[in-house]
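Report on one structure; see the data block that follows.
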Amino acid sequence: MNRILIFCLIVLLQGLSSCQENTNTLAQSNSPYLLQHAQNPVHWQEWSSAVIEKAKQEQKLLILSIGYTACHWCHVMEENCFSDEEVADYMNEHYISIKVDREERPDLDAIYQRSASLASGISGWPLNVICMPDGRAFYAATYLDKKQWLELLQKCQSYYKEDPKKMWETAEKIAEGVQQSQLIAKPNGSISYTKDSLNETLEKWQSAWDYKDGGFKPAPKFPAALSLETLLDYALLAQDSASLQFVENTLQAMAAGGLYDHIGGGFSRYSTDEQWTVPHFEKMLYDNALLARLYAKTGRYLKDSSYTRVAMQTIGFCERFWQDPAGGFYSSTDADLEGEEGLYYTWGLEELRAVIPEADWDLFKSYYQINGKALWKKDVFILQRDPFNSDDLILEHGYSAEELEQKVKNWKSLLLQARSNRPQPIIDDKQLCDWNALMIKAYAELYRNSLNPIYLEKAEALGQWLNTALSDKEGKLHHSIRNSIKGSLGFARDYAYAISAFIDLAVLTNDFSYLDQALRWQEILDEEFKIDDSPYYYNNSQLSGQEIIAGIETTESILPSANATIAQNLLRLSLLNEDLPKREQAQAMITGMQNRFSQYPAEHSLWLRLALREVFPYYEIAIVGTEAKQLVDSLFQEPLPHAFLAWSQETKLPIFQNRLQENETWIYVCQFGNCKMPVQKVEEALKQMQP
């Protein structure tokens, strides 16, 4: 017995020793993504100025590898390359290797994605950048297999030995290119954007619109919620039926295809094909927050409950899978399960036959296109609908619309129960300030749509969580929290999104303590992030120490840019407080970006949305009096992309001052403080906004 115990103890100690040898410095990280690499034989380190100094002293090239937890190809490269002893030995001998979670450090990701685009013409994740010892990029690649990765490392090492001067020159040119790409024209005069300018912009943009299948060409197709919201606003303002049809086709196609989880709700990050059939199965909080808001807004504007249902189901998915007991939302769900992409979300034919009642099978097959688009690969199905045909096509089976709806509800319940018995994909449980702020705005839009107080209550609860969990003693925001440990200090995007969300809370609840908080955060932006002699803002606080290149976020792909969001916030704050300097700063920001959003609308769609208020009349509507809440609720049901609504029973803010009359409620339709005659009926106010 003693010999057995001794033998077991030796084995245990050997195992612990081996484990310790293969544990790099990422084991001390709080990031789920970095922890996934903690057992790699690569000597990974987290980004820090100390690591850069070490590389300078040793004159070693850097490897900067950026990814995130839910990234499928990040997992594949880790398995094929970073877990391989031969690869690790070469990296450890010749390079200093840094791992970055792009969600924890969006500032670094933005700089190195731009560097990669200039260096190699690529972008995406995993992003693997070969850098000079001072951190400036020389070359970049996304996913590579073992052979390709080793060849790249060996070539770069050979170049570094043979002609380091040329490498330094190349890195200097790339760094200069990144800085040049961030330069913004100094605002000169007022914005000169007109209807003719708008028409020219749309003509350029329309070449990318897929009128047949919806979305923006080519594949892979991303949901592009920001662009679609801008086009929705434009279509209604310009009464452009073609643009509106494009938006509707896209939203219908996305919600009908494999991009959308028909059983549990929620959207995957993108579709690999043009028909939205096969998604890349990872799910991100920001996508679902933005899409829930867009579908809710579309349902409200078009008075179509089918869009609203998608929004509600998407929010329901987020709450079930991602909401922490303390109130915040986690970041993402992995695409993979047990090493296989999409395993959690797909179905075998026999699995479906075992769950769906035999009497419903033919109807189920037709409804979810089992004999058509739903087939992904042999005996593997991704449930989806036909986006451009109504349920009437299914009613040939002899059911009424109500009966069909009940059957679909039953199928979903059965399949959801069956799927709950599967292992769960990995969830990245860190909670990000900016993405949670987007969820507040999604709840706010669902409240405007439905007037259901539960959504406003949830928006407020999430706002209170954000302000408590992610603030420090000085009132400054942190970017993330996990296991009660806060991450880095907030970036401009964190403040911008939080301010936007709290302005929503203020005008929806009539509790202007939310506005006070938004103004305090705006003061921090102005003091720490604002660029001298410019209306724009850096990504990082200037008190936090400069990175390799000071980042300025003005472009967007999926997420709204920090500076565009700040401009939008300044305009709304200027209306509430009749603050002319804030309005002038926002207009200067829009003016400086005019050439960019005119030429590249897809990358600047929020800027373009802000410019719409220069092309079409824009109104602030102040409702004051005892019945103000009822009147603003009625106005929420109207499509008003050209109006900012605020209501109160008091006169605490400048927008309401001198407008309260005892026992009466008045609607003031104004343009930057210049008001038309006050009215008491919604219909009269709507007439005042007609062209």
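Residues in the structure tokens are named by chain (A, B, ... in the order shown) and by number from 1 within that chain; ligands are numbered from 1 in the order shown.
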Requested in this report: Would you list the contacts of region 298-306 of chain A as a VMD selection string, taking every protein, DNA or RNA residue within 6 Å and counting only C-alpha atoms, but skipping same-chain residues closer than 3 positions in sequence?
Outcome: chain A and resid 295 309 449 639
Which residues, written as a tab-separated table (two decimals) with C-alpha atoms, in the first residue's frame, have at least one atom at most 6 Å from region 269-281 of chain A, with only C-alpha atoms counted and residues fewer than 5 positions away on the same chain left out?
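Final output, part_18.tsv:
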```tsv
chain	number	residue	atom	x	y	z
A	213	ASP	CA	-30.47	38.30	-51.13
A	219	ALA	CA	-19.55	37.23	-49.00
A	220	PRO	CA	-18.79	36.82	-46.18
A	221	LYS	CA	-21.74	38.99	-45.21
A	222	PHE	CA	-21.89	40.80	-41.89
A	257	GLY	CA	-31.49	32.38	-42.70
A	258	GLY	CA	-28.93	30.36	-40.80
A	259	LEU	CA	-27.42	33.54	-39.36
A	335	ALA	CA	-18.42	28.87	-32.42
A	342	GLY	CA	-21.42	24.77	-35.11
```
Report task. Excluding region 145-155 of chain A and residues on its chain fewer than 5 positions from it, collect all residues at most 7 Å away from it, counting only C-alpha atoms, and give them as an NGL selection string. Result -> :A and (77 or 80-81 or 87)
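The space separating CA of Ile549 (chain A) from CA of Lys530 (chain A) comes to 15.7 Å.
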Query - Selection near Pro133 (chain A), 9 Å with only C-alpha atoms, sequence-local residues under 4 positions removed, as number ranges by chain - result: A: 52-62, 96
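For region 567-572 of chain A, the list of residues within 8 Å, based on only C-alpha atoms and with local chain neighbours fewer than 2 positions off taken out, reads A:Ala496, A:Ile499, A:Ser500, A:Ile503, A:Asn563, A:Ala564, A:Thr565, A:Ser574, A:Leu575, A:Leu576, A:Lys582, A:Arg583, A:Gln585, A:Ala586, A:Gln587, A:Met589, A:Ile590, A:Leu610, A:Phe644.
Minimum distance to Leu660 (chain A) across A:Ala171, A:Val76, A:Ile623, A:Val632 (counting only C-alpha atoms) occurs at A:Ile623.
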Requested in this report: Check region 386-553 of chain A with DSSP on the backbone and list each residue it calls alpha helix (DSSP H), as a count of residues only.
Outcome: 85
